[in-house]
Amino acid sequence: MYASTGHKCLELAFAMSLLCWADCFPQDDLAAIFLVLFFLYLRIVLHWKHPHKALKNLTYFVQHKIYGDKEWTNSEHCQGIRLLECDLSQETSDPREWYYARVRSLSSEGFSSWVLSHRFYPQWETNFSPPQIKVTVTGRIISVQLRPPRTPLRGHRGSRIQVTKLQKLTFRIYLIHNDIEEEVYETDSCSKELVIEGLRPKTTYCLQAVSVTPRSGRKSLRSPSTCISTH
């Protein structure tokens, strides 16, 4: 079985991905909207909320555009919604582009003003999970098979797209014995296997993995430890 991050790790990574919190209108304006963008594994989610005294029974409308374009596009699944979030992952999936998003509310008094997000570049701003690892041992040799993280984006056949199809990653593998890091290995995302040789016999080693984006230097959380003993 591959070792993967647990639910708590995902929650922590999601919390750490908070990038922008903007007070966009005066507090006494009932149409005031607070915006926040979350980036996780190339899942781009726009969240918003009103002050406590805002009008109830509001609906919301979201648009997005590529930086430099003049025209805004309605976000298909986020028109007249009551949810306080909109998933823009598919609409902002081009890895070459910068984007903007905006939202406004509709009440019995009419539309509020648009509230604009900061300009964002999903490739640089997203957080990734570590690769999944599967380890086997032969004598004093440990083989580590690596499976890159996947995005929420889906290809033409409906399967989820690997992050490495959209962005270059490197993987760091930490070899740990008696709670001490003995070695750190690094491999690019094209490599599916890492072979570690020359280990001590009848010794238990634990391994952890991290994803790194070379351009930004962002690192994922470490994967849970996977332990194995040499022969």
# chains A, B, ... in the order shown; residues from 1 in each chain; ligands from 1

call {"tool": "select_by_dssp", "arguments": {"residues": "region 55-201 of chain A", "states": "helix (DSSP H, G or I)", "output": "list of chain:residue names"}}
result
A:Pro122, A:Gln123, A:Trp124, A:Glu125, A:Val163, A:Thr164, A:Lys165

call {"tool": "write_last_selection", "arguments": {"atoms": "N, CA and C atoms", "output": "short mmCIF file (atom, residue, chain, number, x, y, z; two decimals), in the first residue's frame"}}
result
data_model
loop_
_atom_site.label_atom_id
_atom_site.label_comp_id
_atom_site.auth_asym_id
_atom_site.auth_seq_id
_atom_site.Cartn_x
_atom_site.Cartn_y
_atom_site.Cartn_z
N PRO A 122 -2.03 30.27 -10.41
CA PRO A 122 -2.21 29.01 -9.67
C PRO A 122 -0.94 28.17 -9.54
N GLN A 123 -0.12 28.13 -10.59
CA GLN A 123 1.08 27.29 -10.51
C GLN A 123 2.00 27.69 -9.38
N TRP A 124 2.13 28.99 -9.13
CA TRP A 124 3.05 29.45 -8.10
C TRP A 124 2.44 29.45 -6.72
N GLU A 125 1.14 29.64 -6.64
CA GLU A 125 0.52 29.89 -5.35
C GLU A 125 -0.08 28.66 -4.70
N VAL A 163 -0.20 16.19 -11.00
CA VAL A 163 0.39 17.53 -10.90
C VAL A 163 1.56 17.68 -11.86
N THR A 164 2.34 16.63 -12.03
CA THR A 164 3.55 16.71 -12.85
C THR A 164 3.25 16.89 -14.33
N LYS A 165 1.99 16.71 -14.74
CA LYS A 165 1.61 17.00 -16.11
C LYS A 165 1.48 18.50 -16.35
#

call {"tool": "closest_atom_pairs", "arguments": {"of": "region 49-142 of chain A", "to": "region 195-206 of chain A", "cutoff": "9 Å", "atoms": "only C-alpha atoms", "output": "CSV"}}
result
residue,atom,partner,partner_atom,distance
A:Gly139,CA,A:Pro201,CA,7.4
A:Arg140,CA,A:Leu199,CA,5.2
A:Ile141,CA,A:Glu197,CA,4.6
A:Ile142,CA,A:Ile196,CA,5.2

call {"tool": "select_by_dssp", "arguments": {"residues": "region 44-211 of chain A", "states": "strand (DSSP E or B)", "output": "PyMOL selection string"}}
result
chain A and resi 44-49+59-66+73-81+85-87+99-107+110-111+115-116+120+127+132-138+141-147+150-154+160-162+170-177+180-188+193-196+204-211

call {"tool": "closest_atom_pairs", "arguments": {"of": "region 117-177 of chain A", "to": "region 87-102 of chain A", "cutoff": "6 Å", "atoms": "only C-alpha atoms", "output": "JSON lines"}}
result
{"residue": "A:Ser117", "atom": "CA", "partner": "A:Ala101", "partner_atom": "CA", "distance": 5.4}
{"residue": "A:Arg119", "atom": "CA", "partner": "A:Tyr100", "partner_atom": "CA", "distance": 5.1}
{"residue": "A:Phe120", "atom": "CA", "partner": "A:Tyr99", "partner_atom": "CA", "distance": 5.4}
{"residue": "A:Tyr121", "atom": "CA", "partner": "A:Trp98", "partner_atom": "CA", "distance": 4.6}

call {"tool": "atom_distance", "arguments": {"atom1": "CA of Arg222 (chain A)", "atom2": "CA of Ser159 (chain A)"}}
result
25.4 Å

call {"tool": "residues_around", "arguments": {"residues": "Thr170 (chain A)", "least_positions_apart": "6", "cutoff": "8 Å", "atoms": "only C-alpha atoms", "output": "MDAnalysis selection string"}}
result
chainID A and resid 186:189 211:214

call {"tool": "atom_distance", "arguments": {"atom1": "CA of Leu46 (chain A)", "atom2": "CA of Ile66 (chain A)"}}
result
15.5 Å

call {"tool": "residues_around", "arguments": {"residues": "region 144-148 of chain A", "least_positions_apart": "2", "cutoff": "9 Å", "atoms": "only C-alpha atoms", "output": "list in words"}}
result
Tyr2, Ser129, Pro130, Pro131, Gln132, Ile133, Lys134, Val135, Thr136, Val137, Ile142, Arg150, Gln162, Val163, Thr164, Leu169, Phe171, Ile173, Ser189, Ser191, Lys192, Glu193, Leu194, Val195, Ile196, Leu207 and Ser211 of chain A

call {"tool": "closest_residue", "arguments": {"among": "A:Leu58, A:Val184, A:Val103, A:Leu116", "to": "Ala209 (chain A)", "atoms": "only C-alpha atoms"}}
result
A:Val184

call {"tool": "residues_around", "arguments": {"residues": "Thr138 (chain A)", "least_positions_apart": "5", "cutoff": "10 Å", "atoms": "only C-alpha atoms", "output": "ChimeraX atom specification"}}
result
/A:143,197,229-231

call {"tool": "write_last_selection", "arguments": {"atoms": "all heavy atoms", "output": "CSV table (one decimal), in the first residue's frame"}}
result
chain,number,residue,atom,x,y,z
A,143,SER,N,14.1,-0.1,-2.0
A,143,SER,CA,13.5,0.6,-3.2
A,143,SER,C,12.3,1.4,-2.8
A,143,SER,O,11.4,0.9,-2.1
A,143,SER,CB,13.1,-0.5,-4.3
A,143,SER,OG,14.3,-1.2,-4.7
A,197,GLU,N,21.1,2.1,-1.5
A,197,GLU,CA,22.0,0.9,-1.3
A,197,GLU,C,22.9,1.1,-0.1
A,197,GLU,O,23.0,2.2,0.4
A,197,GLU,CB,22.8,0.6,-2.6
A,197,GLU,CG,21.9,0.3,-3.8
A,197,GLU,CD,22.7,0.1,-5.0
A,197,GLU,OE1,23.5,0.9,-5.4
A,197,GLU,OE2,22.5,-1.0,-5.6
A,229,SER,N,12.5,-2.9,7.6
A,229,SER,CA,13.8,-3.4,8.1
A,229,SER,C,14.6,-4.1,7.1
A,229,SER,O,14.0,-4.9,6.3
A,229,SER,CB,13.5,-4.3,9.3
A,229,SER,OG,12.9,-3.6,10.4
A,230,THR,N,15.9,-3.8,7.0
A,230,THR,CA,16.8,-4.6,6.1
A,230,THR,C,17.0,-6.0,6.6
A,230,THR,O,16.7,-6.3,7.8
A,230,THR,CB,18.1,-3.9,6.0
A,230,THR,OG1,18.7,-3.7,7.3
A,230,THR,CG2,18.0,-2.5,5.3
A,231,HIS,N,17.5,-6.9,5.8
A,231,HIS,CA,17.8,-8.3,6.2
A,231,HIS,C,19.2,-8.5,6.6
A,231,HIS,O,20.1,-7.7,6.3
A,231,HIS,CB,17.4,-9.2,5.0
A,231,HIS,CG,16.0,-9.0,4.6
A,231,HIS,ND1,15.5,-9.3,3.3
A,231,HIS,CD2,14.9,-8.6,5.2
A,231,HIS,CE1,14.2,-9.1,3.2
A,231,HIS,NE2,13.8,-8.7,4.4

call {"tool": "decode", "arguments": {"residues": "region 97-108 of chain A", "atoms": "all heavy atoms", "output": "mmCIF file, in the first residue's frame"}}
result
data_model
loop_
_atom_site.group_PDB
_atom_site.id
_atom_site.type_symbol
_atom_site.label_atom_id
_atom_site.label_comp_id
_atom_site.auth_asym_id
_atom_site.auth_seq_id
_atom_site.Cartn_x
_atom_site.Cartn_y
_atom_site.Cartn_z
ATOM 1 N N GLU A 97 -1.243 31.029 -17.421
ATOM 2 C CA GLU A 97 -1.963 32.279 -17.266
ATOM 3 C C GLU A 97 -2.062 32.778 -15.819
ATOM 4 O O GLU A 97 -2.015 32.001 -14.874
ATOM 5 C CB GLU A 97 -3.399 32.138 -17.817
ATOM 6 C CG GLU A 97 -3.474 31.743 -19.278
ATOM 7 C CD GLU A 97 -2.990 32.850 -20.211
ATOM 8 O OE1 GLU A 97 -2.667 33.966 -19.745
ATOM 9 O OE2 GLU A 97 -2.934 32.590 -21.431
ATOM 10 N N TRP A 98 -2.204 34.102 -15.696
ATOM 11 C CA TRP A 98 -2.590 34.766 -14.456
ATOM 12 C C TRP A 98 -4.095 35.046 -14.538
ATOM 13 O O TRP A 98 -4.632 35.256 -15.622
ATOM 14 C CB TRP A 98 -1.858 36.091 -14.291
ATOM 15 C CG TRP A 98 -0.382 35.969 -14.059
ATOM 16 C CD1 TRP A 98 0.586 35.727 -14.999
ATOM 17 C CD2 TRP A 98 0.299 36.115 -12.812
ATOM 18 N NE1 TRP A 98 1.831 35.701 -14.406
ATOM 19 C CE2 TRP A 98 1.681 35.952 -13.071
ATOM 20 C CE3 TRP A 98 -0.120 36.379 -11.509
ATOM 21 C CZ2 TRP A 98 2.637 36.026 -12.068
ATOM 22 C CZ3 TRP A 98 0.836 36.458 -10.510
ATOM 23 C CH2 TRP A 98 2.205 36.292 -10.806
ATOM 24 N N TYR A 99 -4.747 35.113 -13.370
ATOM 25 C CA TYR A 99 -6.201 35.267 -13.361
ATOM 26 C C TYR A 99 -6.654 36.292 -12.331
ATOM 27 O O TYR A 99 -5.936 36.620 -11.380
ATOM 28 C CB TYR A 99 -6.874 33.933 -13.010
ATOM 29 C CG TYR A 99 -6.695 32.847 -14.044
ATOM 30 C CD1 TYR A 99 -5.648 31.935 -13.936
ATOM 31 C CD2 TYR A 99 -7.575 32.706 -15.107
ATOM 32 C CE1 TYR A 99 -5.474 30.930 -14.866
ATOM 33 C CE2 TYR A 99 -7.416 31.698 -16.050
ATOM 34 C CZ TYR A 99 -6.364 30.815 -15.928
ATOM 35 O OH TYR A 99 -6.200 29.823 -16.846
ATOM 36 N N TYR A 100 -7.884 36.760 -12.532
ATOM 37 C CA TYR A 100 -8.651 37.498 -11.542
ATOM 38 C C TYR A 100 -9.996 36.803 -11.358
ATOM 39 O O TYR A 100 -10.494 36.141 -12.281
ATOM 40 C CB TYR A 100 -8.933 38.943 -11.984
ATOM 41 C CG TYR A 100 -7.781 39.895 -11.882
ATOM 42 C CD1 TYR A 100 -7.114 40.326 -13.031
ATOM 43 C CD2 TYR A 100 -7.377 40.408 -10.655
ATOM 44 C CE1 TYR A 100 -6.064 41.235 -12.942
ATOM 45 C CE2 TYR A 100 -6.327 41.310 -10.563
ATOM 46 C CZ TYR A 100 -5.676 41.714 -11.713
ATOM 47 O OH TYR A 100 -4.637 42.608 -11.618
ATOM 48 N N ALA A 101 -10.592 36.992 -10.193
ATOM 49 C CA ALA A 101 -11.970 36.570 -9.952
ATOM 50 C C ALA A 101 -12.684 37.708 -9.235
ATOM 51 O O ALA A 101 -12.044 38.555 -8.592
ATOM 52 C CB ALA A 101 -12.013 35.296 -9.103
ATOM 53 N N ARG A 102 -14.004 37.726 -9.344
ATOM 54 C CA ARG A 102 -14.772 38.729 -8.616
ATOM 55 C C ARG A 102 -16.157 38.172 -8.289
ATOM 56 O O ARG A 102 -16.632 37.230 -8.945
ATOM 57 C CB ARG A 102 -14.893 40.030 -9.420
ATOM 58 C CG ARG A 102 -15.703 39.937 -10.718
ATOM 59 C CD ARG A 102 -15.704 41.284 -11.426
ATOM 60 N NE ARG A 102 -16.564 41.281 -12.610
ATOM 61 C CZ ARG A 102 -16.775 42.345 -13.399
ATOM 62 N NH1 ARG A 102 -16.165 43.498 -13.119
ATOM 63 N NH2 ARG A 102 -17.575 42.266 -14.437
ATOM 64 N N VAL A 103 -16.788 38.761 -7.274
ATOM 65 C CA VAL A 103 -18.089 38.289 -6.812
ATOM 66 C C VAL A 103 -18.937 39.494 -6.428
ATOM 67 O O VAL A 103 -18.422 40.529 -5.986
ATOM 68 C CB VAL A 103 -17.940 37.312 -5.613
ATOM 69 C CG1 VAL A 103 -17.282 37.987 -4.435
ATOM 70 C CG2 VAL A 103 -19.282 36.717 -5.213
ATOM 71 N N ARG A 104 -20.248 39.354 -6.610
ATOM 72 C CA ARG A 104 -21.185 40.358 -6.111
ATOM 73 C C ARG A 104 -22.439 39.649 -5.606
ATOM 74 O O ARG A 104 -22.705 38.489 -5.958
ATOM 75 C CB ARG A 104 -21.548 41.384 -7.184
ATOM 76 C CG ARG A 104 -22.332 40.833 -8.387
ATOM 77 C CD ARG A 104 -22.675 41.961 -9.334
ATOM 78 N NE ARG A 104 -23.348 41.463 -10.540
ATOM 79 C CZ ARG A 104 -23.838 42.257 -11.502
ATOM 80 N NH1 ARG A 104 -23.715 43.584 -11.385
ATOM 81 N NH2 ARG A 104 -24.421 41.738 -12.563
ATOM 82 N N SER A 105 -23.182 40.340 -4.774
ATOM 83 C CA SER A 105 -24.388 39.761 -4.192
ATOM 84 C C SER A 105 -25.621 40.440 -4.772
ATOM 85 O O SER A 105 -25.567 41.562 -5.279
ATOM 86 C CB SER A 105 -24.370 39.905 -2.672
ATOM 87 O OG SER A 105 -24.370 41.278 -2.311
ATOM 88 N N LEU A 106 -26.749 39.734 -4.672
ATOM 89 C CA LEU A 106 -28.031 40.259 -5.114
ATOM 90 C C LEU A 106 -29.024 40.136 -3.969
ATOM 91 O O LEU A 106 -29.206 39.061 -3.397
ATOM 92 C CB LEU A 106 -28.545 39.490 -6.331
ATOM 93 C CG LEU A 106 -29.951 39.867 -6.825
ATOM 94 C CD1 LEU A 106 -29.981 41.318 -7.318
ATOM 95 C CD2 LEU A 106 -30.395 38.913 -7.936
ATOM 96 N N SER A 107 -29.647 41.247 -3.627
ATOM 97 C CA SER A 107 -30.683 41.271 -2.602
ATOM 98 C C SER A 107 -31.921 41.929 -3.183
ATOM 99 O O SER A 107 -31.961 42.295 -4.367
ATOM 100 C CB SER A 107 -30.194 42.051 -1.374
ATOM 101 O OG SER A 107 -30.091 43.431 -1.688
ATOM 102 N N SER A 108 -32.937 42.121 -2.362
ATOM 103 C CA SER A 108 -34.158 42.797 -2.823
ATOM 104 C C SER A 108 -33.874 44.247 -3.208
ATOM 105 O O SER A 108 -34.658 44.869 -3.927
ATOM 106 C CB SER A 108 -35.221 42.752 -1.717
ATOM 107 O OG SER A 108 -34.730 43.367 -0.532
#
